[in-house]
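Here is the file upload.cif (mmCIF, C-alpha atoms).
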data_work
loop_
_atom_site.label_atom_id
_atom_site.label_comp_id
_atom_site.auth_asym_id
_atom_site.auth_seq_id
_atom_site.Cartn_x
_atom_site.Cartn_y
_atom_site.Cartn_z
CA MET A 1 131.93 87.24 277.85
CA GLN A 2 129.14 89.31 276.40
CA LYS A 3 129.42 93.05 276.98
CA SER A 4 126.21 94.68 275.93
CA PRO A 5 123.16 93.57 277.90
CA TRP A 6 120.11 95.57 276.89
CA ILE A 7 117.30 95.44 279.38
CA ILE A 8 113.56 95.72 279.30
CA HIS A 9 112.12 96.45 282.71
CA TYR A 10 108.56 95.51 283.62
CA ASP A 11 106.80 96.02 286.93
CA GLY A 12 103.96 93.70 287.96
CA SER A 13 101.99 94.41 291.12
CA SER A 14 104.39 95.75 293.72
CA CYS A 15 105.06 98.71 295.99
CA ASN A 16 107.45 100.23 293.35
CA GLY A 17 110.37 100.00 295.80
CA CYS A 18 112.29 97.64 293.51
CA ASP A 19 111.52 99.80 290.45
CA ILE A 20 113.09 102.78 292.12
CA GLU A 21 116.15 100.68 292.90
CA VAL A 22 116.37 99.47 289.27
CA LEU A 23 116.30 103.07 288.08
CA ALA A 24 118.79 104.02 290.80
CA ALA A 25 121.19 101.57 289.18
CA LEU A 26 121.14 103.77 286.04
CA THR A 27 121.94 106.99 287.92
CA PRO A 28 125.45 108.45 288.27
CA MET A 29 125.82 106.72 291.67
CA TYR A 30 125.83 103.19 290.23
CA ASP A 31 125.93 103.90 286.46
CA VAL A 32 125.31 100.44 285.00
CA GLU A 33 126.04 101.82 281.52
CA ARG A 34 129.70 101.26 282.50
CA PHE A 35 128.98 97.60 281.73
CA GLY A 36 127.14 98.44 278.51
CA VAL A 37 123.72 98.06 280.12
CA ILE A 38 120.99 100.06 278.39
CA ASN A 39 117.43 100.26 279.63
CA THR A 40 115.82 99.95 276.18
CA GLY A 41 112.22 99.44 277.23
CA ASN A 42 111.65 97.81 273.84
CA PRO A 43 111.20 94.00 273.90
CA LYS A 44 112.48 93.69 270.32
CA HIS A 45 115.81 95.28 271.25
CA ALA A 46 116.21 93.69 274.67
CA ASP A 47 118.35 90.74 275.82
CA ILE A 48 117.31 90.65 279.46
CA PHE A 49 113.75 90.78 280.71
CA LEU A 50 113.95 92.29 284.18
CA ILE A 51 110.73 91.84 286.16
CA THR A 52 109.91 93.38 289.51
CA GLY A 53 106.72 92.69 291.41
CA SER A 54 104.34 89.76 291.41
CA VAL A 55 102.11 88.49 288.64
CA ASN A 56 98.35 88.84 288.76
CA GLU A 57 95.45 87.98 286.50
CA GLN A 58 95.65 91.41 284.85
CA ASN A 59 99.29 91.40 283.81
CA LYS A 60 100.07 87.78 283.05
CA SER A 61 99.15 88.23 279.38
CA VAL A 62 101.31 91.36 279.24
CA ILE A 63 104.32 89.49 280.62
CA ARG A 64 103.73 86.60 278.23
CA ASN A 65 103.46 89.06 275.31
CA ILE A 66 106.68 90.90 276.17
CA TYR A 67 108.51 87.59 276.55
CA ASP A 68 107.27 86.34 273.18
CA GLN A 69 108.32 89.53 271.42
CA MET A 70 111.94 89.26 272.57
CA PRO A 71 114.31 87.70 270.03
CA ASN A 72 116.41 84.73 271.18
CA PRO A 73 118.71 84.36 273.06
CA LYS A 74 116.94 85.99 276.01
CA VAL A 75 117.24 85.83 279.78
CA VAL A 76 114.53 86.46 282.37
CA LEU A 77 115.61 88.04 285.64
CA ALA A 78 113.15 88.18 288.56
CA VAL A 79 114.19 91.06 290.82
CA GLY A 80 112.91 91.48 294.38
CA ILE A 81 111.09 89.11 296.66
CA CYS A 82 107.67 89.78 295.05
CA ALA A 83 109.04 88.69 291.67
CA CYS A 84 110.62 85.61 293.24
CA THR A 85 107.68 84.25 295.24
CA GLY A 86 104.88 86.82 295.30
CA GLY A 87 106.24 88.33 298.52
CA ILE A 88 103.73 90.02 300.81
CA PHE A 89 101.18 89.98 298.00
CA ARG A 90 101.31 86.19 297.84
CA GLU A 91 98.02 85.67 299.68
CA CYS A 92 96.05 88.24 297.65
CA TYR A 93 93.06 86.76 295.82
CA ASN A 94 94.22 87.85 292.34
CA VAL A 95 97.98 87.25 292.72
CA LEU A 96 99.39 84.15 291.05
CA GLY A 97 102.90 84.46 292.52
CA GLY A 98 106.17 85.26 290.76
CA PRO A 99 106.58 85.56 286.97
CA ASP A 100 107.79 81.94 286.91
CA LYS A 101 104.10 81.01 286.97
CA VAL A 102 103.81 82.43 283.42
CA ILE A 103 107.23 82.33 281.74
CA PRO A 104 110.52 80.48 282.38
CA VAL A 105 112.64 82.54 284.81
CA ASP A 106 116.42 82.06 284.69
CA LEU A 107 117.62 84.01 287.71
CA TYR A 108 116.18 85.28 290.98
CA VAL A 109 117.50 88.31 292.86
CA MET A 110 116.30 88.49 296.47
CA GLY A 111 115.64 91.57 298.59
CA CYS A 112 112.87 93.87 299.81
CA ALA A 113 113.59 96.31 298.41
CA VAL A 114 116.41 94.82 296.43
CA ARG A 115 119.78 96.63 296.64
CA PRO A 116 121.16 98.20 293.43
CA GLU A 117 124.38 96.22 293.99
CA ALA A 118 122.35 93.01 293.98
CA ILE A 119 120.62 94.04 290.72
CA ILE A 120 123.98 94.71 289.06
CA ASP A 121 125.21 91.34 290.34
CA GLY A 122 122.08 89.69 288.91
CA VAL A 123 122.60 91.30 285.51
CA VAL A 124 126.23 90.15 285.44
CA LYS A 125 125.08 86.59 286.27
CA ALA A 126 122.41 86.93 283.56
CA LEU A 127 125.18 87.60 281.05
CA GLU A 128 126.68 84.18 281.73
CA VAL A 129 123.29 82.54 281.21
CA TRP A 130 122.83 84.58 278.01
CA GLU A 131 126.20 83.39 276.72
CA ASP A 132 125.25 79.74 277.41
CA LYS A 133 121.96 80.19 275.58
CA ARG A 134 123.71 81.80 272.63
CA ARG A 135 126.11 78.83 272.38
CA GLU A 136 123.17 76.47 272.58
CA MET A 137 121.40 78.43 269.83
CA THR A 138 124.39 78.41 267.46
CA ARG A 139 124.94 74.70 268.15
CA LYS A 140 121.32 73.93 267.26
CA ARG A 141 121.56 76.13 264.16
CA GLY A 142 124.72 74.24 263.19
CA LEU A 143 122.93 70.90 263.55
CA LYS A 144 120.08 72.09 261.34
CA VAL A 145 122.51 72.94 258.53
CA MET B 1 143.89 105.78 238.30
CA ARG B 2 144.82 103.50 241.16
CA LYS B 3 143.95 106.25 243.65
CA ASP B 4 140.36 106.07 242.34
CA ILE B 5 140.03 102.54 243.64
CA LEU B 6 142.19 102.77 246.76
CA ILE B 7 140.46 105.66 248.51
CA PRO B 8 136.92 104.21 248.26
CA PHE B 9 138.37 100.90 249.44
CA PHE B 10 139.84 102.62 252.51
CA TYR B 11 136.50 104.33 253.03
CA VAL B 12 134.59 101.03 252.98
CA VAL B 13 136.99 99.47 255.51
CA LEU B 14 137.84 102.43 257.75
CA ALA B 15 134.58 104.42 257.86
CA PRO B 16 132.70 101.94 260.08
CA LEU B 17 135.73 101.68 262.39
CA LEU B 18 136.03 105.45 262.68
CA GLY B 19 132.26 105.93 262.84
CA GLY B 20 131.92 103.34 265.61
CA LEU B 21 134.79 104.89 267.52
CA LEU B 22 133.19 108.34 267.26
CA ALA B 23 129.91 106.85 268.49
CA GLY B 24 131.80 105.36 271.46
CA VAL B 25 133.45 108.70 272.25
CA ASP B 26 130.01 110.30 271.92
CA ARG B 27 128.53 107.95 274.51
CA ARG B 28 131.44 108.48 276.89
CA ILE B 29 131.25 112.28 276.62
CA THR B 30 127.46 112.18 277.03
CA ALA B 31 127.89 110.10 280.20
CA ARG B 32 130.50 112.54 281.56
CA LEU B 33 128.22 115.48 280.85
CA GLN B 34 125.57 113.69 282.94
CA GLY B 35 128.02 113.03 285.78
CA ARG B 36 128.40 109.33 284.99
CA PHE B 37 131.51 107.31 284.14
CA GLY B 38 130.13 105.93 280.88
CA PRO B 39 130.70 102.77 278.82
CA PRO B 40 134.00 101.75 277.19
CA ILE B 41 134.94 103.59 273.98
CA LEU B 42 134.50 100.31 272.05
CA GLN B 43 130.95 99.82 273.35
CA PRO B 44 129.23 100.43 269.94
CA PHE B 45 131.27 97.55 268.49
CA TYR B 46 130.27 95.25 271.38
CA ASP B 47 126.64 96.24 270.79
CA VAL B 48 126.73 95.49 267.07
CA ALA B 49 128.60 92.22 267.61
CA LYS B 50 125.91 91.22 270.11
CA LEU B 51 123.11 92.22 267.71
CA PHE B 52 124.51 89.90 265.05
CA CYS B 53 124.27 86.98 267.52
CA LYS B 54 120.55 87.57 267.97
CA GLU B 55 117.55 86.16 266.19
CA ASN B 56 116.05 88.29 263.40
CA LEU B 57 112.33 88.65 264.13
CA VAL B 58 110.49 90.46 261.34
CA ALA B 59 106.92 91.30 260.43
CA HIS B 60 107.80 91.15 256.70
CA ARG B 61 110.94 89.69 255.15
CA THR B 62 111.29 92.78 252.91
CA GLN B 63 111.94 94.81 256.06
CA THR B 64 115.46 93.44 256.25
CA ALA B 65 115.94 93.69 252.48
CA TYR B 66 115.24 97.44 252.59
CA ILE B 67 117.74 97.83 255.43
CA VAL B 68 120.36 96.01 253.32
CA PHE B 69 119.66 98.47 250.45
CA PHE B 70 119.91 101.36 252.92
CA LEU B 71 123.37 100.18 253.97
CA VAL B 72 124.54 99.39 250.43
CA PHE B 73 123.48 102.80 249.09
CA MET B 74 125.00 104.56 252.08
CA VAL B 75 128.33 102.81 251.42
CA PHE B 76 128.01 103.66 247.71
CA THR B 77 127.27 107.33 248.53
CA GLY B 78 130.30 107.67 250.77
CA GLY B 79 132.39 105.73 248.25
CA ILE B 80 131.67 108.13 245.39
CA PHE B 81 132.21 111.13 247.66
CA TYR B 82 135.63 109.97 248.82
CA ALA B 83 136.49 108.84 245.28
CA GLY B 84 136.13 112.51 244.30
CA GLU B 85 133.11 112.09 242.03
CA ASP B 86 130.12 114.34 241.41
CA LEU B 87 128.73 116.07 244.50
CA LEU B 88 125.18 116.07 243.08
CA LEU B 89 125.32 112.31 242.62
CA VAL B 90 126.44 112.01 246.26
CA ILE B 91 123.48 114.03 247.47
CA PHE B 92 120.90 112.21 245.34
CA SER B 93 122.21 108.78 246.24
CA MET B 94 122.20 109.72 249.95
CA MET B 95 118.56 110.68 249.45
CA LEU B 96 117.86 107.30 247.85
CA ALA B 97 119.50 105.47 250.76
CA ASN B 98 117.29 107.39 253.20
CA THR B 99 114.23 106.56 251.13
CA PHE B 100 114.97 102.86 251.63
CA PHE B 101 115.22 103.49 255.35
CA VAL B 102 111.77 105.13 255.35
CA LEU B 103 110.33 102.20 253.36
CA ALA B 104 111.81 99.79 255.89
CA GLY B 105 110.12 101.75 258.67
CA TYR B 106 106.74 101.55 256.93
CA LYS B 107 107.23 97.81 256.35
CA GLY B 108 107.43 97.31 260.13
CA GLY B 109 103.66 97.68 260.07
CA ALA B 110 103.42 98.77 263.70
CA PRO B 111 102.11 102.18 264.83
CA TYR B 112 105.36 103.45 266.32
CA SER B 113 107.48 102.43 263.39
CA SER B 114 104.99 104.02 260.95
CA ILE B 115 105.02 107.27 262.92
CA GLY B 116 108.81 107.05 262.95
CA ALA B 117 108.84 106.64 259.15
CA GLU B 118 106.50 109.62 258.76
CA ARG B 119 108.73 111.71 260.96
CA GLU B 120 111.77 110.59 258.96
CA LEU B 121 109.99 111.95 255.86
CA LEU B 122 109.39 115.22 257.69
CA GLN B 123 113.06 115.34 258.59
CA ILE B 124 114.03 114.76 254.96
CA MET B 125 111.66 117.58 254.02
CA ALA B 126 113.35 119.77 256.62
CA TYR B 127 116.99 119.22 255.66
CA GLU B 128 116.79 118.64 251.91
CA PRO B 129 116.54 122.34 250.80
CA MET B 130 119.65 123.22 252.82
CA ILE B 131 121.54 120.21 251.43
CA LEU B 132 120.70 121.38 247.89
CA PHE B 133 121.85 124.92 248.74
CA TYR B 134 125.03 123.32 250.02
CA ALA B 135 125.72 121.72 246.63
CA MET B 136 124.78 124.96 244.83
CA GLY B 137 126.94 127.10 247.11
CA ILE B 138 129.95 124.84 246.71
CA TYR B 139 129.47 124.97 242.93
CA MET B 140 129.17 128.77 242.87
CA ALA B 141 132.37 129.14 244.87
CA SER B 142 134.50 126.49 243.18
CA LYS B 143 132.88 126.33 239.70
CA THR B 144 132.72 122.54 239.70
CA PHE B 145 130.61 119.72 241.09
CA TYR B 146 133.49 117.25 241.16
CA VAL B 147 134.68 116.67 244.71
CA GLU B 148 138.15 115.85 243.37
CA GLN B 149 138.45 119.34 241.82
CA ILE B 150 136.71 121.07 244.74
CA ALA B 151 139.30 119.55 247.08
CA VAL B 152 142.15 121.28 245.21
CA THR B 153 140.27 124.49 244.44
CA GLN B 154 142.33 127.62 243.77
CA HIS B 155 139.80 129.63 245.69
CA PRO B 156 141.28 130.92 249.03
CA MET B 157 139.04 128.65 251.12
CA LEU B 158 135.42 127.80 250.40
CA ILE B 159 134.21 128.77 253.85
CA VAL B 160 135.38 132.37 253.28
CA SER B 161 132.75 132.91 250.62
CA LEU B 162 130.22 130.45 252.09
CA PRO B 163 129.88 131.31 255.80
CA GLY B 164 126.07 131.32 255.58
CA VAL B 165 125.91 127.97 253.82
CA PHE B 166 128.32 126.55 256.42
CA LEU B 167 126.17 127.68 259.36
CA GLY B 168 122.99 126.52 257.64
CA PHE B 169 124.57 123.15 256.95
CA LEU B 170 125.55 122.83 260.62
CA TYR B 171 121.92 123.49 261.53
CA VAL B 172 120.60 120.62 259.40
CA LEU B 173 123.54 118.43 260.39
CA THR B 174 121.86 118.11 263.80
CA ILE B 175 118.91 116.49 262.01
CA LYS B 176 121.14 114.27 259.88
CA LEU B 177 123.24 113.08 262.85
CA ARG B 178 120.00 112.32 264.76
CA LYS B 179 120.83 114.57 267.67
CA SER B 180 118.44 116.41 269.98
CA PRO B 181 116.58 118.73 269.49
CA PHE B 182 115.88 117.20 266.06
CA ASP B 183 115.95 113.43 266.70
CA LEU B 184 112.29 113.02 265.84
CA SER B 185 112.22 109.81 263.83
CA THR B 186 114.57 107.83 266.07
CA SER B 187 116.94 108.57 268.91
CA HIS B 188 120.30 106.85 269.36
CA HIS B 189 119.85 106.81 273.14
CA GLY B 190 118.18 103.98 275.06
CA HIS B 191 114.50 104.57 274.43
CA GLN B 192 111.30 102.94 273.27
CA GLU B 193 108.03 103.49 271.46
CA ILE B 194 107.61 106.84 269.72
CA VAL B 195 111.07 108.15 270.58
CA LYS B 196 112.76 105.10 269.08
CA GLY B 197 110.26 105.43 266.22
CA ILE B 198 111.50 103.99 262.95
CA THR B 199 113.83 101.43 264.56
CA THR B 200 111.30 99.99 267.06
CA GLU B 201 110.42 97.01 264.90
CA PHE B 202 113.95 95.91 264.04
CA THR B 203 115.68 93.18 265.97
CA GLY B 204 119.18 91.73 266.08
CA PRO B 205 121.08 91.74 262.76
CA ALA B 206 118.77 94.27 261.06
CA LEU B 207 119.33 96.73 263.90
CA GLY B 208 123.06 96.06 263.64
CA LEU B 209 122.98 96.92 259.92
CA ILE B 210 121.13 100.18 260.66
CA GLU B 211 123.81 101.04 263.20
CA ILE B 212 126.62 100.35 260.70
CA ALA B 213 124.83 102.38 258.00
CA HIS B 214 124.68 105.30 260.44
CA TRP B 215 128.42 105.04 261.03
CA TYR B 216 129.01 105.26 257.28
CA GLU B 217 126.56 108.15 257.04
CA ASN B 218 128.25 110.07 259.86
CA ILE B 219 131.66 109.77 258.25
CA LEU B 220 130.20 110.94 254.93
CA LEU B 221 128.54 113.93 256.61
CA LEU B 222 131.75 114.89 258.40
CA GLY B 223 133.45 114.69 254.98
CA LEU B 224 130.86 117.14 253.64
CA VAL B 225 131.72 119.49 256.53
CA GLY B 226 135.43 119.09 255.84
CA LEU B 227 134.94 120.08 252.19
CA PHE B 228 134.25 123.68 253.28
CA PHE B 229 137.91 123.98 254.23
CA ALA B 230 139.29 122.87 250.86
CA PRO B 231 142.07 123.05 249.78
CA ASN B 232 143.35 122.67 253.35
CA LEU B 233 141.86 119.22 254.02
CA TRP B 234 143.65 118.61 257.32
CA LEU B 235 142.06 121.74 258.71
CA GLY B 236 138.80 120.37 257.27
CA ALA B 237 139.18 117.09 259.16
CA LEU B 238 139.91 118.97 262.38
CA ALA B 239 136.91 121.24 261.85
CA ALA B 240 134.68 118.21 261.16
CA LEU B 241 135.74 116.67 264.48
CA LEU B 242 135.09 119.94 266.32
CA VAL B 243 131.66 120.14 264.69
CA TYR B 244 130.92 116.57 265.83
CA PHE B 245 131.80 117.47 269.44
CA LEU B 246 129.67 120.60 269.18
CA GLU B 247 126.77 118.38 268.07
CA ILE B 248 127.30 116.10 271.09
CA PHE B 249 127.11 119.17 273.31
CA ILE B 250 123.92 120.39 271.58
CA ASP B 251 122.45 116.89 271.90
CA ASN B 252 122.92 116.99 275.66
CA ALA B 253 121.84 120.57 276.14
CA CYS B 254 118.54 120.49 274.22
CA ALA B 255 115.11 119.00 274.71
CA ARG B 256 113.40 117.36 271.72
CA ALA B 257 111.62 119.85 269.44
CA ARG B 258 108.26 119.38 267.75
CA TRP B 259 108.20 118.59 264.05
CA GLN B 260 106.66 121.95 263.18
CA LEU B 261 109.61 123.77 264.70
CA THR B 262 112.06 121.36 263.05
CA VAL B 263 110.66 121.81 259.53
CA PHE B 264 109.94 125.53 259.61
CA SER B 265 113.13 126.57 261.38
CA SER B 266 115.20 124.49 258.94
CA TRP B 267 113.46 126.16 256.01
CA VAL B 268 113.99 129.63 257.47
CA VAL B 269 117.66 128.82 258.07
CA ALA B 270 117.97 127.44 254.52
CA ALA B 271 116.26 130.53 253.05
CA VAL B 272 118.14 133.12 255.08
CA LEU B 273 121.60 131.62 255.49
CA GLY B 274 121.74 129.26 252.49
CA PHE B 275 119.90 131.19 249.80
CA GLY B 276 121.02 134.55 251.20
CA ASN B 277 124.65 133.49 250.94
CA ILE B 278 124.21 132.26 247.36
CA LEU B 279 122.45 135.51 246.45
CA ALA B 280 125.30 137.49 247.96
CA ILE B 281 127.85 135.53 245.89
CA THR B 282 125.87 136.22 242.72
CA LEU B 283 125.48 139.93 243.44
CA PHE B 284 128.98 140.76 244.67
CA ARG B 285 131.02 138.57 242.39
#

Show me, as structure tokens, the structure contained in the file I just sent.
Amino acid sequence: MQKSPWIIHYDGSSCNGCDIEVLAALTPMYDVERFGVINTGNPKHADIFLITGSVNEQNKSVIRNIYDQMPNPKVVLAVGICACTGGIFRECYNVLGGPDKVIPVDLYVMGCAVRPEAIIDGVVKALEVWEDKRREMTRKRGLKV
Amino acid sequence: MRKDILIPFFYVVLAPLLGGLLAGVDRRITARLQGRFGPPILQPFYDVAKLFCKENLVAHRTQTAYIVFFLVFMVFTGGIFYAGEDLLLVIFSMMLANTFFVLAGYKGGAPYSSIGAERELLQIMAYEPMILFYAMGIYMASKTFYVEQIAVTQHPMLIVSLPGVFLGFLYVLTIKLRKSPFDLSTSHHGHQEIVKGITTEFTGPALGLIEIAHWYENILLLGLVGLFFAPNLWLGALAALLVYFLEIFIDNACARARWQLTVFSSWVVAAVLGFGNILAITLFR
């Protein structure tokens, strides 16, 4: 099992409630660094793309860009109900919905606002997905050779 | 003769292990100072192992080549130091390794990595005079540039005649170990953009190599600290560890300084403590 998930956190259009919970997970109370989690904020260093909030016309290119800049294997984690479905912003004229409208999302973490425990649980699940993707990548690389 | 080959061999194998372990202890202590539990001691090794599983995305292929040179020259530098060779050669080859690192930063081609490379140059400008005074001071006290002979010097203990050079070297060591307040070009904490600077554009394996090169560099630098306590090298090793923990404390207690302060304060320290000490040795010999 992989032990060093580095995260890039991006917030679409939301109330910031989930953001605060994501940052709360880094504080002494929850201290996700115990599991090797680092909030890198740099797509080129990150393994997990953690998105809160819904996607709109303004930020869809940003999300796409961050996703493309991350080296494989990478996992996308949609955190909070807005990132899962669009949440209460769903009906807004410029909101497309969750980030899965723009990039492939691997895991969804529900909640409004999402609990830090649920975020940690999501990240741990994301590690399993990451490990599967890594195996897939090495297998493909092996086939090429 | 066999010792000449064995010790560098041990250095090549053990330095990354020790360096990684120290980095792990560093992260744990930093977490405790912030009231957190902190990652496992072996976390740096997990990180590097993970980085080698990742894809290497580069703007230019030469980017990775420069990083490989950086690592190779850093290993070479430490190797000749622990083999007991010429101290001047150690310092110049360390400089060359850092030059490759700067070139790699410029090759990234992105604004943050270029600014990081520029700041790395400023840092080199800041610490280099003191490093040269270090070599000069050690020579004045022990009458030789060969680490092998310095280590068994008949002099009571180098630090007795070089207290100023020692303190000055500790000052620039904060820059070399990339600790706050002088981690301008890149920080070893989780950061992005300008703070991560020179390493922003490196992914996966290249970042892993940078990390390993830093482990080698740290062990070399702690060796340079230990040399002050020759001929009592065990005391030197203990002092080097204490200095490392002091640096962790400074790292956590300080905010990041501006480059002006970094460069000018390092020069003042080098002039007053480094040059002053050497002048004193010359006058009161």

Next on the checklist: Distance cut-off 12 Å, counting all atoms listed in the file - which residues of chain B neighbour chain A? Return them as a ChimeraX atom specification.
Outcome noted: /B:24,27-28,30-59,108,112,187-197,199-208

Checklist entry - Quick one: which residues end up in the PyMOL selection byres ((chain B and resi 226-238) around 8) for this structure, as a ChimeraX atom specification? => result /B:138,150-154,156-159,162,166,222-225,239-242

Checklist entry - Which residue out of B:Ser113, B:Asn218, B:Thr77, B:Ser161 has the minimum interatomic distance to Met95 in chain B when only C-alpha atoms are used? => result B:Thr77

Per-axis box centre and lengths in Å around range 135-147 of chain B, 8 Å margin per side, axis-aligned, as JSON:
{"center_x": 129.7, "center_y": 122.9, "center_z": 243.4, "size_x": 25.9, "size_y": 28.5, "size_z": 23.4}

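Distance check against Val114 in chain A using all atoms listed in the file: of A:Gly142, A:Gly87, A:Gly80, A:Pro99, the minimum falls on A:Gly80.
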
Next on the checklist: Can you measure CA of Ile67 in chain B to CA of Pro129 in chain B for me? One decimal in Å is fine.
Outcome noted: 25.0 Å

Checklist outcome for this item: Shortest contact to Gly17 in chain A, candidates A:Cys92, A:Val123, A:Cys82, A:Ile103, atoms counted all atoms listed in the file, goes to A:Cys82

Item to check | Residues near Pro163 in chain B, cut-off 9 Å, all atoms listed in the file, skip fewer than 5 positions along chain, as a PyMOL selection string | outcome: chain B and resi 158+168+273+277

Item to check | Picked residues, the PyMOL selection byres ((chain A and resi 98) around 7), expected as a PyMOL selection string | outcome: chain A and resi 54-55+82-86+96-97+99-101

Could you dump the residues just selected with C-alpha atoms as an mmCIF file, in the frame of the given file?
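Listed below is the output, part01.cif:
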data_model
loop_
_atom_site.group_PDB
_atom_site.id
_atom_site.type_symbol
_atom_site.label_atom_id
_atom_site.label_comp_id
_atom_site.auth_asym_id
_atom_site.auth_seq_id
_atom_site.Cartn_x
_atom_site.Cartn_y
_atom_site.Cartn_z
ATOM 1 C CA SER A 54 104.340 89.760 291.410
ATOM 2 C CA VAL A 55 102.110 88.490 288.640
ATOM 3 C CA CYS A 82 107.670 89.780 295.050
ATOM 4 C CA ALA A 83 109.040 88.690 291.670
ATOM 5 C CA CYS A 84 110.620 85.610 293.240
ATOM 6 C CA THR A 85 107.680 84.250 295.240
ATOM 7 C CA GLY A 86 104.880 86.820 295.300
ATOM 8 C CA LEU A 96 99.390 84.150 291.050
ATOM 9 C CA GLY A 97 102.900 84.460 292.520
ATOM 10 C CA PRO A 99 106.580 85.560 286.970
ATOM 11 C CA ASP A 100 107.790 81.940 286.910
ATOM 12 C CA LYS A 101 104.100 81.010 286.970
#

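In this model, the gap between CA of Val269 in chain B and CA of Ala135 in chain B comes to 15.7 Å.
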